[in-house]
Amino acid sequence: MKVNCLAVNCHQCRRSDRRTVVPCTKCKEKFYRIKCIREWYPELEEEEVSELCPYCHGKCNCNLCLHSSGMLKGYLHLQLKLNDHFVTMMSEFTATTAQLQ
Ligand SMILES: [Zn+2]
Ligand SMILES: [Zn+2]
Ligand SMILES: [Zn+2]
């Protein structure tokens, strides 16, 4: 196991703690400290995190994930939704005005 030779940093807080860190068996590259799991993901058990970390769950709320792709994706999704709504509204509007004329 090469992983044990590497510095083990918690993905959530970036602190290294070899003893209380839970490795993810899915991505094999993310680790979460038990303390952080309790604090940030109280709905997840340590065993669950070791099978599928919050990052693999797609709900990681660390600074990095919140400020990178996750946020951007969410924002784009919102924009898309708003555009959709706008298009529907406009087509309804034009349909009603067409009927009125
Ligand atoms: Zn941590
Ligand atoms: Zn993972
Ligand atoms: Zn993260």
# chains A, B, ... in the order shown; residues from 1 in each chain; ligands from 1
call {"tool": "residues_around", "arguments": {"residues": "Cys62 (chain A)", "least_positions_apart": "4", "cutoff": "12 Å", "atoms": "only C-alpha atoms", "output": "list in words"}}
result
Cys10, His11, Gln12, Cys13, Arg14, Tyr32, Cys36, Ile37, Glu39, Trp40, Tyr41, Pro54, Tyr55, Gly58, Leu66, His67, Ser68, Gly70 and Met71 of chain A
call {"tool": "residues_around", "arguments": {"residues": "region 45-47 of chain A", "least_positions_apart": "5", "cutoff": "9 Å", "atoms": "only C-alpha atoms", "output": "VMD selection string"}}
result
chain A and resid 22 34 37 to 38 52
call {"tool": "select_by_dssp", "arguments": {"residues": "region 12-65 of chain A", "states": "helix (DSSP H, G or I)", "output": "list of chain:residue names"}}
result
A:Ile34, A:Lys35, A:Cys36, A:Ile37, A:Arg38, A:Glu39, A:Trp40, A:Glu46, A:Glu47, A:Glu48, A:Val49, A:Ser50, A:Glu51, A:Pro54, A:Tyr55, A:Cys56, A:His57, A:Asn63, A:Leu64, A:Cys65
call {"tool": "write_last_selection", "arguments": {"atoms": "N, CA and C atoms", "output": "compact mmCIF listing (two decimals), in the first residue's frame"}}
result
# COMPACT_ATOMS: atom_id res chain seq x y z
N ILE A 34 -12.36 11.69 11.22
CA ILE A 34 -13.59 11.30 11.91
C ILE A 34 -14.27 12.54 12.52
N LYS A 35 -13.44 13.40 13.09
CA LYS A 35 -13.94 14.63 13.70
C LYS A 35 -14.71 15.47 12.67
N CYS A 36 -14.17 15.55 11.47
CA CYS A 36 -14.80 16.34 10.42
C CYS A 36 -16.08 15.67 9.92
N ILE A 37 -16.07 14.35 9.86
CA ILE A 37 -17.27 13.63 9.44
C ILE A 37 -18.40 13.92 10.42
N ARG A 38 -18.08 13.86 11.70
CA ARG A 38 -19.08 14.13 12.75
C ARG A 38 -19.60 15.55 12.64
N GLU A 39 -18.68 16.46 12.37
CA GLU A 39 -19.04 17.87 12.36
C GLU A 39 -19.81 18.28 11.10
N TRP A 40 -19.33 17.81 9.96
CA TRP A 40 -19.89 18.29 8.69
C TRP A 40 -20.90 17.34 8.06
N GLU A 46 -19.01 6.58 9.76
CA GLU A 46 -17.63 6.42 9.32
C GLU A 46 -17.49 5.32 8.27
N GLU A 47 -18.24 4.24 8.47
CA GLU A 47 -18.18 3.11 7.53
C GLU A 47 -18.68 3.54 6.15
N GLU A 48 -19.72 4.36 6.15
CA GLU A 48 -20.25 4.84 4.88
C GLU A 48 -19.22 5.70 4.15
N VAL A 49 -18.54 6.54 4.91
CA VAL A 49 -17.52 7.42 4.32
C VAL A 49 -16.37 6.58 3.76
N SER A 50 -16.02 5.51 4.46
CA SER A 50 -14.92 4.68 3.97
C SER A 50 -15.31 3.95 2.68
N GLU A 51 -16.60 3.76 2.47
CA GLU A 51 -17.05 3.16 1.22
C GLU A 51 -17.22 4.21 0.13
N PRO A 54 -17.89 11.80 1.18
CA PRO A 54 -18.84 12.86 0.80
C PRO A 54 -18.57 13.41 -0.60
N TYR A 55 -17.29 13.45 -0.96
CA TYR A 55 -16.94 13.95 -2.30
C TYR A 55 -17.55 13.05 -3.37
N CYS A 56 -17.41 11.73 -3.19
CA CYS A 56 -17.97 10.78 -4.15
C CYS A 56 -19.50 10.79 -4.10
N HIS A 57 -20.03 11.14 -2.95
CA HIS A 57 -21.47 11.29 -2.81
C HIS A 57 -21.96 12.51 -3.58
N ASN A 63 -14.26 23.92 1.56
CA ASN A 63 -14.05 25.20 0.89
C ASN A 63 -13.77 25.03 -0.59
N LEU A 64 -12.88 24.08 -0.88
CA LEU A 64 -12.44 23.88 -2.26
C LEU A 64 -13.62 23.50 -3.15
N CYS A 65 -14.39 22.52 -2.73
CA CYS A 65 -15.50 22.04 -3.55
C CYS A 65 -16.60 23.09 -3.66
call {"tool": "closest_residue", "arguments": {"among": "A:Glu43, A:Asn9, A:Asp84, A:Arg18", "to": "Lys30 (chain A)", "atoms": "only C-alpha atoms"}}
result
A:Asn9
call {"tool": "residues_around", "arguments": {"residues": "Cys53 (chain A)", "least_positions_apart": "6", "cutoff": "9 Å", "atoms": "only C-alpha atoms", "output": "NGL selection string"}}
result
:A and (22-27 or 30-32 or 60)
call {"tool": "closest_residue", "arguments": {"among": "A:Thr96, A:Lys28, A:Met89, A:Leu44", "to": "ligand 2", "atoms": "only C-alpha atoms and all ligand atoms"}}
result
A:Lys28
call {"tool": "closest_residue", "arguments": {"among": "A:Thr20, A:Arg33, A:Pro42, A:Lys59", "to": "ligand 3", "atoms": "only C-alpha atoms and all ligand atoms"}}
result
A:Lys59
call {"tool": "closest_residue", "arguments": {"among": "A:Ala7, A:Ser16, A:Leu100, A:Glu29", "to": "ligand 3", "atoms": "only C-alpha atoms and all ligand atoms"}}
result
A:Glu29
